[in-house]
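Visitor: Got a structure for you, written out below as structure tokens; questions coming shortly.
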Amino acid sequence: MNKELTKHLAPGHSTCAGCGIPAIVRTVLDATDDLVVVVSVTGCLEVTSTLYPYSAWKVPFIHSAFENGGATAAGIDGALKALRKRNKIPAEKKIKVVVFAGDGGTYDIGLQSLSGALERGHDFLYVCYDNEAYMNTGGQRSGATPFGADTETTPAGKKSFGKKEKRKDLMSIVIAHHIKYAAQANVAYLPDLAKKAKKALELEGPRFLLVLQPCTNLWKYATSEYVRIGKLATETNFWPLYEYENGVYKINWATEKPKPIEEFLKTQGRFKHLFRPGGEKVIAEMQKEVDEDWKRLVNLVEV
Amino acid sequence: MMNNSKKIALTGGAAAAEALKQINPDVMPVYPITPQTPIVETFAKFVADGEAATEMIEVESEHSAMSAAVGASAAGARTMTASSSQGILLMAEILPIAFGTRLPILMLVSARAISAPINIHGDHQDVMFVRDSGWIQIFSENAQEVYDNTFIALRLAEKVRLPAMVIMDGFQTSHSVENLEILENSVVKNFVGEYQSKNNLLDFENPKSFGPVSLPNSYFEFKRAQIEAMKEAETEYKNICHEYGKISGRNYDYFESYKLDDAEKAIVVAGSTAGTAKMAVDELREQGEKVGLLKIKLFRPFPYDKIAEALKNVKNIAVFDRTVSFGSKPPIYSEVVECLYMIRDTKYIIQPYIYGLGGREIFKEDIKKIFQENWDGKETKYIGLK
Ligand SMILES: Cc1ncc(C[n+]2csc(CCOP(=O)(O)OP(=O)(O)O)c2C)c(N)n1
Ligand code: SF4
Ligand SMILES: [Mg+2]
């Protein structure tokens with residue numbers, strides 16, 4: 001594998017075939033020439049990259065628990081400040097702290113830790129790779145799991161259409177912390193992710209990236225389909241690409257004619273049950289949500 | 001050197017803050033909880049006045065305080081925090097991580113009861129709850145010991161790369177003003193030195209991965225190595241106390257033996273109650289009773305051999321625990337039983353007592369009465385229970 005491409009994360013990790021996490025990590029870290037310290041939390045990335053006595057990380061890496069990505073980064077940021085103050089780290093040595101965490105570790109159990117770190121204004125970039133469920137534990141629902149999805153804890157059945165609740169709007173929660181930069185990206189659009197990562201890494205203070213990571217395992221589709229499915233998420237407006245910078249929202253990809261949500265749903269096993277009789281109501285509900293969310297976003301851009 | 005030390009009156013909490021000021025740690029992630037607040041508030045004022053250059057991180061929870069401490073310490077910063085009660089319990093997940101990652105984080109603890117029902121007063125339930133977390137635990141009797149133990153614990157933690165707790169009794173010690181002797185800044189600086197971490201997360205030339213996944217083929221060996229580190233802490237503790245004695249004139253040991261040599265009955269106790277118990281011992285001694293006391297200081301690692309040696313000639317022992325191990329015997333009692341079990345040829349009577357839960361007071365007269373009770377070692381007894 002290309003040496004330049006793997007200069008932060010070596011190929012020797014064990015994510016599933018067709019997993020987008022390594023591409024997210026590499027694209028983000030490649031967006032800076034500065035030194036980086038990587039923080040991760042318990043989840044797919046951490047377990048597949050640090051199996052003792054090996055590590056796929058070619059840069060300093062720390063994992064401590066599941067719900068503390070924000071606080072761990074805060075501690076490193078505090079150490080950097082303290083050590084700089086005492087001239088133990090030269091001023092010209094630029095060091096970036098970057099957190100990679102799953103949706104469970106971010107939307108749910110790690111939300112408080114993230115919120116505290118954002119509010120205190122630590123200098124770090126937090127990247128949530130969102131595969132829309134707790135994958136490390138086998139595919140249970142998270143606060144990021146979409147309405148209608150079949151997961152291990154929200155199984156579709158005779159009396160159930162999958163997850164009953166809409167996923168939480170993490171971007172709005174993060175932005176409500178008055179941070180300078182937050183962006184929603186998608187692993188199927190790597191140049192867009194690279195641009196956002198570069199912008200984020202050049203800024204100071206807390207920055208946030210939410211990156212969609214279609215999980216072959218949970219979403220249930222053929223690995224070869226991964227870019228196409230990722231793209232469909234955006235083309236249907238299920239996962240718009242947008243950014244928030246100093247109070248201004250910007251949509252990075254839009255089409256006159258978004259595809260109907262079915263186009264996205266029908267590609268994946270986790271929504272298969274919605275195409276049985278009775279599922280149309282759920283699909284209609286999802287379409288309505290997608291349209292409303294899109295309108296809200298467009299309004300934010302216009303305001 | 002000793003001539004330059006000065007006597008001042010401080011609460012135990014302020015004594016801890018004074019020691020922290022002299023250490024001038026790099027990073028301190030903190031979250032408020034009674035009765036830890038005097039430590040952190042006093043120290044925050046020192047930072048605000050420029051008397052310490054510490055990077056304070058006012059986190060949003062104790063879980064984050066300990067998580068940030070792990071991040072900071074891994075990054076090579078001398079890192080400290082302080083907590084109590086529910087705060088320690090909220091940290092509980094991260095305490096063994098700090099230990100397993102071999103990070104010499106120092107935590108000042110103002111020990112307090114745990115919920116439910118909620119109670120802000122002193123006892124030892126919080127620190128006993130986390131006694132198996134791999135942290136070095138040192139109990140302090142009074143403000144002077146809090147001050148001294150802070151330096152000793154820091155040196156020990158950094159020497160053996162293990163986290164350490166310095167424990168004071170919530171309110172009884174943290175909030176009571178006592179006279180203590182403060183060392184000169186330069187003496188402290190010299191004693192604690194500059195912190196040099198062995199494995200540094202910020203080593204960009206030799207990048208390391210902290211917190212890996214370990215499977216059944218390696219996990220056990222990690223734990224075994226950690227057991228060794230704790231053993232090393234026991235040996236080093238003594239060396240560091242000895243060194244500290246030279247600069248302070250206060251000579252500490254694994255525990256304090258008080259009139260134990262010819263004692264026929266002795267109490268084993270940790271924390272501020274040892275002070276009260278010593279007065280009881282003195283008065284009973286005046287009446288000709290052969291009583292004594294062993295005050296627990298280093299609780300983790302527990303110095304079994306040394307305590308066994310100190311207690312071996314005492315046939316009647318009462319162990320005071322300020323905590324409960326529900327469905328089991330109290331912890332210090334169990335440790336003492338283990339110590340004396342090692343001396344197989346003697347029959348001891350070891351009586352467990354529980355006292356002081358949720359701040360329930362214990363007076364000299366109570367302790368004198370306990371000495372006069374018949375100890376049969378059968379059932380746990382309760383002091384001051386209504
Ligand atoms: C305190 C705690 N609770 C639960 C777990 C079990 N656990 C480990 S990873 C994980 C799910 C991770 O999900 P996510 O953050 O979405 O990351 P992914 O595995 O999908 O990459 C869970 C529930 C844990 N390690 N720690
Ligand atoms: S379970 Fe999904 S997210 Fe996790 S490694 Fe496999 S494909 Fe990637
Ligand atoms: Mg996930």
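Chain labels run A, B, ... following the order of the structure tokens; each chain numbers its residues from 1, and ligands are numbered from 1 in the order shown.
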Please return as a PDB file with N, CA, C and O atoms, in the first residue's frame the residues found within 6 Å of ligand 3, counting only C-alpha atoms and all ligand atoms.
Guide:
```pdb
ATOM      1  N   GLY A 102     -16.667   6.539  17.623  1.00  0.00           N
ATOM      2  CA  GLY A 102     -17.868   6.057  16.947  1.00  0.00           C
ATOM      3  C   GLY A 102     -19.090   6.858  17.361  1.00  0.00           C
ATOM      4  O   GLY A 102     -19.020   7.751  18.212  1.00  0.00           O
ATOM      5  N   ASP A 103     -20.217   6.531  16.760  1.00  0.00           N
ATOM      6  CA  ASP A 103     -21.452   7.251  17.091  1.00  0.00           C
ATOM      7  C   ASP A 103     -21.896   6.947  18.519  1.00  0.00           C
ATOM      8  O   ASP A 103     -22.340   7.845  19.243  1.00  0.00           O
ATOM      9  N   GLY A 104     -21.747   5.702  18.955  1.00  0.00           N
ATOM     10  CA  GLY A 104     -22.139   5.377  20.332  1.00  0.00           C
ATOM     11  C   GLY A 104     -21.305   6.172  21.321  1.00  0.00           C
ATOM     12  O   GLY A 104     -21.817   6.753  22.277  1.00  0.00           O
ATOM     13  N   ASP A 130     -19.579   7.767  11.926  1.00  0.00           N
ATOM     14  CA  ASP A 130     -20.939   7.374  12.283  1.00  0.00           C
ATOM     15  C   ASP A 130     -21.394   6.190  11.442  1.00  0.00           C
ATOM     16  O   ASP A 130     -21.759   6.350  10.282  1.00  0.00           O
ATOM     17  N   ASN A 131     -21.337   5.002  12.024  1.00  0.00           N
ATOM     18  CA  ASN A 131     -21.842   3.818  11.309  1.00  0.00           C
ATOM     19  C   ASN A 131     -23.263   3.478  11.776  1.00  0.00           C
ATOM     20  O   ASN A 131     -23.802   2.432  11.476  1.00  0.00           O
ATOM     21  N   GLU A 132     -23.827   4.371  12.552  1.00  0.00           N
ATOM     22  CA  GLU A 132     -25.231   4.332  12.943  1.00  0.00           C
ATOM     23  C   GLU A 132     -25.627   3.185  13.869  1.00  0.00           C
ATOM     24  O   GLU A 132     -26.792   2.778  13.905  1.00  0.00           O
ATOM     25  N   ALA A 133     -24.655   2.653  14.615  1.00  0.00           N
ATOM     26  CA  ALA A 133     -24.984   1.647  15.636  1.00  0.00           C
ATOM     27  C   ALA A 133     -23.745   1.310  16.451  1.00  0.00           C
ATOM     28  O   ALA A 133     -22.641   1.715  16.113  1.00  0.00           O
ATOM     29  N   TYR A 134     -23.962   0.560  17.533  1.00  0.00           N
ATOM     30  CA  TYR A 134     -22.848   0.038  18.334  1.00  0.00           C
ATOM     31  C   TYR A 134     -22.348  -1.204  17.620  1.00  0.00           C
ATOM     32  O   TYR A 134     -22.908  -2.285  17.752  1.00  0.00           O
ATOM     33  N   MET A 135     -21.285  -1.052  16.868  1.00  0.00           N
ATOM     34  CA  MET A 135     -20.832  -2.194  16.082  1.00  0.00           C
ATOM     35  C   MET A 135     -19.879  -3.106  16.831  1.00  0.00           C
ATOM     36  O   MET A 135     -19.878  -4.313  16.636  1.00  0.00           O
TER      37      MET A 135
END
```
Visitor: Residues contacting ligand 1 - anything with an atom at most 8 Å away, using only C-alpha atoms and all ligand atoms - can you give me those as a PDB file with all heavy atoms, in the first residue's frame?
Guide:
```
ATOM      1  N   VAL A  41     -11.638   6.028  21.252  1.00  0.00           N
ATOM      2  CA  VAL A  41     -12.417   5.455  22.339  1.00  0.00           C
ATOM      3  C   VAL A  41     -12.817   4.038  21.930  1.00  0.00           C
ATOM      4  O   VAL A  41     -12.666   3.666  20.771  1.00  0.00           O
ATOM      5  CB  VAL A  41     -13.658   6.321  22.667  1.00  0.00           C
ATOM      6  CG1 VAL A  41     -13.248   7.744  23.014  1.00  0.00           C
ATOM      7  CG2 VAL A  41     -14.644   6.335  21.517  1.00  0.00           C
ATOM      8  N   THR A  42     -13.320   3.289  22.862  1.00  0.00           N
ATOM      9  CA  THR A  42     -13.641   1.900  22.570  1.00  0.00           C
ATOM     10  C   THR A  42     -14.632   1.810  21.415  1.00  0.00           C
ATOM     11  O   THR A  42     -15.642   2.498  21.404  1.00  0.00           O
ATOM     12  CB  THR A  42     -14.187   1.217  23.842  1.00  0.00           C
ATOM     13  OG1 THR A  42     -13.379   1.612  24.954  1.00  0.00           O
ATOM     14  CG2 THR A  42     -14.145  -0.285  23.707  1.00  0.00           C
ATOM     15  N   GLY A  43     -14.334   0.965  20.469  1.00  0.00           N
ATOM     16  CA  GLY A  43     -15.187   0.829  19.294  1.00  0.00           C
ATOM     17  C   GLY A  43     -14.392   0.174  18.181  1.00  0.00           C
ATOM     18  O   GLY A  43     -13.243  -0.235  18.390  1.00  0.00           O
ATOM     19  N   CYS A  44     -14.992   0.082  17.007  1.00  0.00           N
ATOM     20  CA  CYS A  44     -14.360  -0.629  15.884  1.00  0.00           C
ATOM     21  C   CYS A  44     -12.937  -0.172  15.615  1.00  0.00           C
ATOM     22  O   CYS A  44     -12.034  -0.990  15.496  1.00  0.00           O
ATOM     23  CB  CYS A  44     -15.175  -0.429  14.612  1.00  0.00           C
ATOM     24  SG  CYS A  44     -16.666  -1.427  14.579  1.00  0.00           S
ATOM     25  N   LEU A  45     -12.724   1.129  15.509  1.00  0.00           N
ATOM     26  CA  LEU A  45     -11.399   1.620  15.133  1.00  0.00           C
ATOM     27  C   LEU A  45     -10.340   1.183  16.143  1.00  0.00           C
ATOM     28  O   LEU A  45      -9.281   0.669  15.777  1.00  0.00           O
ATOM     29  CB  LEU A  45     -11.411   3.154  15.030  1.00  0.00           C
ATOM     30  CG  LEU A  45     -10.038   3.797  14.826  1.00  0.00           C
ATOM     31  CD1 LEU A  45      -9.387   3.331  13.532  1.00  0.00           C
ATOM     32  CD2 LEU A  45     -10.146   5.316  14.833  1.00  0.00           C
ATOM     33  N   GLU A  46     -10.649   1.375  17.398  1.00  0.00           N
ATOM     34  CA  GLU A  46      -9.668   1.081  18.447  1.00  0.00           C
ATOM     35  C   GLU A  46      -9.355  -0.418  18.516  1.00  0.00           C
ATOM     36  O   GLU A  46      -8.199  -0.816  18.538  1.00  0.00           O
ATOM     37  CB  GLU A  46     -10.221   1.627  19.778  1.00  0.00           C
ATOM     38  CG  GLU A  46      -9.575   1.115  21.027  1.00  0.00           C
ATOM     39  CD  GLU A  46     -10.263  -0.110  21.591  1.00  0.00           C
ATOM     40  OE1 GLU A  46     -11.487  -0.254  21.433  1.00  0.00           O
ATOM     41  OE2 GLU A  46      -9.556  -0.933  22.179  1.00  0.00           O
ATOM     42  N   ALA A  65     -11.011   4.697  27.443  1.00  0.00           N
ATOM     43  CA  ALA A  65     -12.302   4.054  27.699  1.00  0.00           C
ATOM     44  C   ALA A  65     -13.272   4.429  26.568  1.00  0.00           C
ATOM     45  O   ALA A  65     -12.872   4.969  25.534  1.00  0.00           O
ATOM     46  CB  ALA A  65     -12.846   4.447  29.059  1.00  0.00           C
ATOM     47  N   PHE A  66     -14.534   4.155  26.782  1.00  0.00           N
ATOM     48  CA  PHE A  66     -15.540   4.279  25.734  1.00  0.00           C
ATOM     49  C   PHE A  66     -16.134   5.688  25.668  1.00  0.00           C
ATOM     50  O   PHE A  66     -16.401   6.226  24.602  1.00  0.00           O
ATOM     51  CB  PHE A  66     -16.621   3.230  26.030  1.00  0.00           C
ATOM     52  CG  PHE A  66     -17.770   3.144  25.060  1.00  0.00           C
ATOM     53  CD1 PHE A  66     -17.659   3.578  23.746  1.00  0.00           C
ATOM     54  CD2 PHE A  66     -18.972   2.574  25.473  1.00  0.00           C
ATOM     55  CE1 PHE A  66     -18.732   3.467  22.866  1.00  0.00           C
ATOM     56  CE2 PHE A  66     -20.043   2.461  24.602  1.00  0.00           C
ATOM     57  CZ  PHE A  66     -19.925   2.914  23.302  1.00  0.00           C
ATOM     58  N   GLU A  67     -16.329   6.289  26.852  1.00  0.00           N
ATOM     59  CA  GLU A  67     -17.121   7.521  26.900  1.00  0.00           C
ATOM     60  C   GLU A  67     -16.293   8.759  27.186  1.00  0.00           C
ATOM     61  O   GLU A  67     -16.817   9.757  27.647  1.00  0.00           O
ATOM     62  CB  GLU A  67     -18.224   7.376  27.954  1.00  0.00           C
ATOM     63  CG  GLU A  67     -17.768   7.230  29.396  1.00  0.00           C
ATOM     64  CD  GLU A  67     -17.270   5.841  29.726  1.00  0.00           C
ATOM     65  OE1 GLU A  67     -16.366   5.357  29.023  1.00  0.00           O
ATOM     66  OE2 GLU A  67     -17.766   5.248  30.700  1.00  0.00           O
ATOM     67  N   ALA A 101     -13.960   8.825  17.179  1.00  0.00           N
ATOM     68  CA  ALA A 101     -14.866   8.056  18.030  1.00  0.00           C
ATOM     69  C   ALA A 101     -16.079   7.637  17.223  1.00  0.00           C
ATOM     70  O   ALA A 101     -16.478   8.314  16.272  1.00  0.00           O
ATOM     71  CB  ALA A 101     -15.295   8.910  19.220  1.00  0.00           C
ATOM     72  N   GLY A 102     -16.667   6.539  17.623  1.00  0.00           N
ATOM     73  CA  GLY A 102     -17.868   6.057  16.947  1.00  0.00           C
ATOM     74  C   GLY A 102     -19.090   6.858  17.361  1.00  0.00           C
ATOM     75  O   GLY A 102     -19.020   7.751  18.212  1.00  0.00           O
ATOM     76  N   ASP A 103     -20.217   6.531  16.760  1.00  0.00           N
ATOM     77  CA  ASP A 103     -21.452   7.251  17.091  1.00  0.00           C
ATOM     78  C   ASP A 103     -21.896   6.947  18.519  1.00  0.00           C
ATOM     79  O   ASP A 103     -22.340   7.845  19.243  1.00  0.00           O
ATOM     80  CB  ASP A 103     -22.573   6.925  16.100  1.00  0.00           C
ATOM     81  CG  ASP A 103     -22.727   5.442  15.854  1.00  0.00           C
ATOM     82  OD1 ASP A 103     -21.823   4.853  15.236  1.00  0.00           O
ATOM     83  OD2 ASP A 103     -23.740   4.860  16.293  1.00  0.00           O
ATOM     84  N   GLY A 104     -21.747   5.702  18.955  1.00  0.00           N
ATOM     85  CA  GLY A 104     -22.139   5.377  20.332  1.00  0.00           C
ATOM     86  C   GLY A 104     -21.305   6.172  21.321  1.00  0.00           C
ATOM     87  O   GLY A 104     -21.817   6.753  22.277  1.00  0.00           O
ATOM     88  N   GLY A 105     -20.009   6.225  21.058  1.00  0.00           N
ATOM     89  CA  GLY A 105     -19.083   6.946  21.927  1.00  0.00           C
ATOM     90  C   GLY A 105     -19.246   8.453  21.847  1.00  0.00           C
ATOM     91  O   GLY A 105     -18.629   9.180  22.620  1.00  0.00           O
ATOM     92  N   THR A 106     -20.062   8.915  20.913  1.00  0.00           N
ATOM     93  CA  THR A 106     -20.214  10.362  20.724  1.00  0.00           C
ATOM     94  C   THR A 106     -21.641  10.846  21.011  1.00  0.00           C
ATOM     95  O   THR A 106     -21.854  11.680  21.880  1.00  0.00           O
ATOM     96  CB  THR A 106     -19.809  10.736  19.286  1.00  0.00           C
ATOM     97  OG1 THR A 106     -18.511  10.227  19.018  1.00  0.00           O
ATOM     98  CG2 THR A 106     -19.813  12.242  19.091  1.00  0.00           C
ATOM     99  N   ILE A 109     -23.017   7.687  25.037  1.00  0.00           N
ATOM    100  CA  ILE A 109     -22.276   7.584  26.302  1.00  0.00           C
ATOM    101  C   ILE A 109     -21.191   8.649  26.449  1.00  0.00           C
ATOM    102  O   ILE A 109     -20.866   9.055  27.553  1.00  0.00           O
ATOM    103  CB  ILE A 109     -21.722   6.144  26.477  1.00  0.00           C
ATOM    104  CG1 ILE A 109     -21.351   5.842  27.932  1.00  0.00           C
ATOM    105  CG2 ILE A 109     -20.553   5.874  25.554  1.00  0.00           C
ATOM    106  CD1 ILE A 109     -21.155   4.374  28.234  1.00  0.00           C
ATOM    107  N   TYR A 129     -16.931   8.998  13.516  1.00  0.00           N
ATOM    108  CA  TYR A 129     -17.266   8.158  12.352  1.00  0.00           C
ATOM    109  C   TYR A 129     -18.578   7.471  12.701  1.00  0.00           C
ATOM    110  O   TYR A 129     -18.685   6.761  13.687  1.00  0.00           O
ATOM    111  CB  TYR A 129     -16.152   7.163  12.003  1.00  0.00           C
ATOM    112  CG  TYR A 129     -15.837   6.142  13.069  1.00  0.00           C
ATOM    113  CD1 TYR A 129     -16.518   4.919  13.117  1.00  0.00           C
ATOM    114  CD2 TYR A 129     -14.876   6.390  14.038  1.00  0.00           C
ATOM    115  CE1 TYR A 129     -16.242   3.979  14.096  1.00  0.00           C
ATOM    116  CE2 TYR A 129     -14.594   5.454  15.026  1.00  0.00           C
ATOM    117  CZ  TYR A 129     -15.283   4.258  15.050  1.00  0.00           C
ATOM    118  OH  TYR A 129     -15.014   3.330  16.027  1.00  0.00           O
ATOM    119  N   ASP A 130     -19.579   7.767  11.926  1.00  0.00           N
ATOM    120  CA  ASP A 130     -20.939   7.374  12.283  1.00  0.00           C
ATOM    121  C   ASP A 130     -21.394   6.190  11.442  1.00  0.00           C
ATOM    122  O   ASP A 130     -21.759   6.350  10.282  1.00  0.00           O
ATOM    123  CB  ASP A 130     -21.853   8.596  12.086  1.00  0.00           C
ATOM    124  CG  ASP A 130     -23.261   8.358  12.590  1.00  0.00           C
ATOM    125  OD1 ASP A 130     -23.591   7.203  12.916  1.00  0.00           O
ATOM    126  OD2 ASP A 130     -24.033   9.334  12.649  1.00  0.00           O
ATOM    127  N   ASN A 131     -21.337   5.002  12.024  1.00  0.00           N
ATOM    128  CA  ASN A 131     -21.842   3.818  11.309  1.00  0.00           C
ATOM    129  C   ASN A 131     -23.263   3.478  11.776  1.00  0.00           C
ATOM    130  O   ASN A 131     -23.802   2.432  11.476  1.00  0.00           O
ATOM    131  CB  ASN A 131     -20.891   2.636  11.452  1.00  0.00           C
ATOM    132  CG  ASN A 131     -20.554   2.343  12.906  1.00  0.00           C
ATOM    133  OD1 ASN A 131     -21.291   2.745  13.811  1.00  0.00           O
ATOM    134  ND2 ASN A 131     -19.461   1.650  13.141  1.00  0.00           N
ATOM    135  N   GLU A 132     -23.827   4.371  12.552  1.00  0.00           N
ATOM    136  CA  GLU A 132     -25.231   4.332  12.943  1.00  0.00           C
ATOM    137  C   GLU A 132     -25.627   3.185  13.869  1.00  0.00           C
ATOM    138  O   GLU A 132     -26.792   2.778  13.905  1.00  0.00           O
ATOM    139  CB  GLU A 132     -26.132   4.377  11.697  1.00  0.00           C
ATOM    140  CG  GLU A 132     -25.840   5.615  10.839  1.00  0.00           C
ATOM    141  CD  GLU A 132     -26.908   5.930   9.822  1.00  0.00           C
ATOM    142  OE1 GLU A 132     -27.402   4.984   9.187  1.00  0.00           O
ATOM    143  OE2 GLU A 132     -27.255   7.115   9.681  1.00  0.00           O
ATOM    144  N   ALA A 133     -24.655   2.653  14.615  1.00  0.00           N
ATOM    145  CA  ALA A 133     -24.984   1.647  15.636  1.00  0.00           C
ATOM    146  C   ALA A 133     -23.745   1.310  16.451  1.00  0.00           C
ATOM    147  O   ALA A 133     -22.641   1.715  16.113  1.00  0.00           O
ATOM    148  CB  ALA A 133     -25.519   0.374  14.983  1.00  0.00           C
ATOM    149  N   TYR A 134     -23.962   0.560  17.533  1.00  0.00           N
ATOM    150  CA  TYR A 134     -22.848   0.038  18.334  1.00  0.00           C
ATOM    151  C   TYR A 134     -22.348  -1.204  17.620  1.00  0.00           C
ATOM    152  O   TYR A 134     -22.908  -2.285  17.752  1.00  0.00           O
ATOM    153  CB  TYR A 134     -23.331  -0.371  19.722  1.00  0.00           C
ATOM    154  CG  TYR A 134     -23.906   0.721  20.594  1.00  0.00           C
ATOM    155  CD1 TYR A 134     -24.722   0.404  21.679  1.00  0.00           C
ATOM    156  CD2 TYR A 134     -23.615   2.063  20.372  1.00  0.00           C
ATOM    157  CE1 TYR A 134     -25.238   1.391  22.505  1.00  0.00           C
ATOM    158  CE2 TYR A 134     -24.126   3.052  21.196  1.00  0.00           C
ATOM    159  CZ  TYR A 134     -24.940   2.708  22.255  1.00  0.00           C
ATOM    160  OH  TYR A 134     -25.444   3.675  23.078  1.00  0.00           O
ATOM    161  N   MET A 135     -21.285  -1.052  16.868  1.00  0.00           N
ATOM    162  CA  MET A 135     -20.832  -2.194  16.082  1.00  0.00           C
ATOM    163  C   MET A 135     -19.879  -3.106  16.831  1.00  0.00           C
ATOM    164  O   MET A 135     -19.878  -4.313  16.636  1.00  0.00           O
ATOM    165  CB  MET A 135     -20.201  -1.714  14.769  1.00  0.00           C
ATOM    166  CG  MET A 135     -21.222  -1.174  13.808  1.00  0.00           C
ATOM    167  SD  MET A 135     -22.733  -2.174  13.747  1.00  0.00           S
ATOM    168  CE  MET A 135     -22.097  -3.736  13.161  1.00  0.00           C
ATOM    169  N   ASN A 136     -19.071  -2.526  17.675  1.00  0.00           N
ATOM    170  CA  ASN A 136     -18.084  -3.342  18.384  1.00  0.00           C
ATOM    171  C   ASN A 136     -18.761  -4.401  19.249  1.00  0.00           C
ATOM    172  O   ASN A 136     -18.200  -5.457  19.516  1.00  0.00           O
ATOM    173  CB  ASN A 136     -17.214  -2.429  19.241  1.00  0.00           C
ATOM    174  CG  ASN A 136     -15.998  -3.125  19.780  1.00  0.00           C
ATOM    175  OD1 ASN A 136     -15.438  -3.991  19.119  1.00  0.00           O
ATOM    176  ND2 ASN A 136     -15.602  -2.770  20.973  1.00  0.00           N
ATOM    177  N   THR A 137     -19.972  -4.112  19.689  1.00  0.00           N
ATOM    178  CA  THR A 137     -20.697  -5.073  20.511  1.00  0.00           C
ATOM    179  C   THR A 137     -21.713  -5.865  19.683  1.00  0.00           C
ATOM    180  O   THR A 137     -22.567  -6.537  20.239  1.00  0.00           O
ATOM    181  CB  THR A 137     -21.401  -4.355  21.677  1.00  0.00           C
ATOM    182  OG1 THR A 137     -21.853  -3.077  21.218  1.00  0.00           O
ATOM    183  CG2 THR A 137     -20.477  -4.161  22.843  1.00  0.00           C
ATOM    184  N   GLY A 138     -21.652  -5.724  18.386  1.00  0.00           N
ATOM    185  CA  GLY A 138     -22.451  -6.597  17.536  1.00  0.00           C
ATOM    186  C   GLY A 138     -23.653  -5.978  16.862  1.00  0.00           C
ATOM    187  O   GLY A 138     -24.483  -6.694  16.306  1.00  0.00           O
ATOM    188  N   GLY A 139     -23.791  -4.665  16.914  1.00  0.00           N
ATOM    189  CA  GLY A 139     -24.848  -4.035  16.123  1.00  0.00           C
ATOM    190  C   GLY A 139     -26.125  -3.711  16.865  1.00  0.00           C
ATOM    191  O   GLY A 139     -27.225  -4.045  16.415  1.00  0.00           O
ATOM    192  N   GLN A 140     -25.989  -3.037  18.005  1.00  0.00           N
ATOM    193  CA  GLN A 140     -27.178  -2.580  18.726  1.00  0.00           C
ATOM    194  C   GLN A 140     -27.489  -1.131  18.350  1.00  0.00           C
ATOM    195  O   GLN A 140     -26.614  -0.412  17.890  1.00  0.00           O
ATOM    196  CB  GLN A 140     -26.960  -2.680  20.237  1.00  0.00           C
ATOM    197  CG  GLN A 140     -26.678  -4.086  20.755  1.00  0.00           C
ATOM    198  CD  GLN A 140     -25.232  -4.507  20.614  1.00  0.00           C
ATOM    199  OE1 GLN A 140     -24.379  -3.714  20.252  1.00  0.00           O
ATOM    200  NE2 GLN A 140     -24.971  -5.782  20.861  1.00  0.00           N
ATOM    201  N   SER A 142     -28.105   2.831  18.446  1.00  0.00           N
ATOM    202  CA  SER A 142     -27.530   3.959  19.176  1.00  0.00           C
ATOM    203  C   SER A 142     -28.427   5.159  18.928  1.00  0.00           C
ATOM    204  O   SER A 142     -29.405   5.066  18.168  1.00  0.00           O
ATOM    205  CB  SER A 142     -26.112   4.262  18.674  1.00  0.00           C
ATOM    206  OG  SER A 142     -26.153   4.971  17.447  1.00  0.00           O
TER     207      SER A 142
ATOM    208  N   GLU B  93     -14.436   3.731  37.010  1.00  0.00           N
ATOM    209  CA  GLU B  93     -14.091   3.048  35.763  1.00  0.00           C
ATOM    210  C   GLU B  93     -12.685   3.406  35.297  1.00  0.00           C
ATOM    211  O   GLU B  93     -11.971   2.582  34.713  1.00  0.00           O
ATOM    212  CB  GLU B  93     -15.093   3.425  34.660  1.00  0.00           C
ATOM    213  CG  GLU B  93     -14.878   2.592  33.417  1.00  0.00           C
ATOM    214  CD  GLU B  93     -15.374   3.219  32.145  1.00  0.00           C
ATOM    215  OE1 GLU B  93     -15.659   4.430  32.122  1.00  0.00           O
ATOM    216  OE2 GLU B  93     -15.470   2.512  31.150  1.00  0.00           O
TER     217      GLU B  93
END
```
Visitor: Which residues sit within 7 Å of ligand 2, counting only C-alpha atoms and all ligand atoms, listed as number ranges by chain?
Guide: A: 15-21, 44-45, 131, 135-136, 213, 215-218
Visitor: Report the residues of range 46-233 of chain A whose backbone DSSP state falls under strand (DSSP E), written as number ranges by chain.
Guide: A: 61-63, 95-102, 124-130, 156-157, 160-161, 181-186, 206-212
Visitor: Using only C-alpha atoms and a distance of at most 7 Å, pull out the residues of chain B that contact chain A, as a list in words.
Guide: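 In the required form, that comes to Asp26, Val27, Thr54, Glu55, Val59, Glu60, Ser64, Ser67, Ala68, Ala69, Val70, Gly71, Ala72, Ala75, Ala77, Ile97, Leu201, Leu202, Phe204, Pro207, Lys208, Ser209, Phe210, Gly211, Pro212, Val213 and Ser214 of chain B.
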Visitor: Excluding range 298-300 of chain B and any residue of its chain fewer than 4 positions from it, enumerate the residues within 6 Å of it, using only C-alpha atoms, and give them as a list in words.
Guide: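 These residues fall inside the cut-off: Ile136, Gln137, Ile138 and Tyr254 of chain B.
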Visitor: Given only C-alpha atoms as the basis, pick out the residue of B:Lys21, B:Arg224, B:Lys297, B:His124 nearest to Lys238 in chain B.
Guide: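 That would be B:Lys297, the residue with the smallest distance to Lys238 in chain B.
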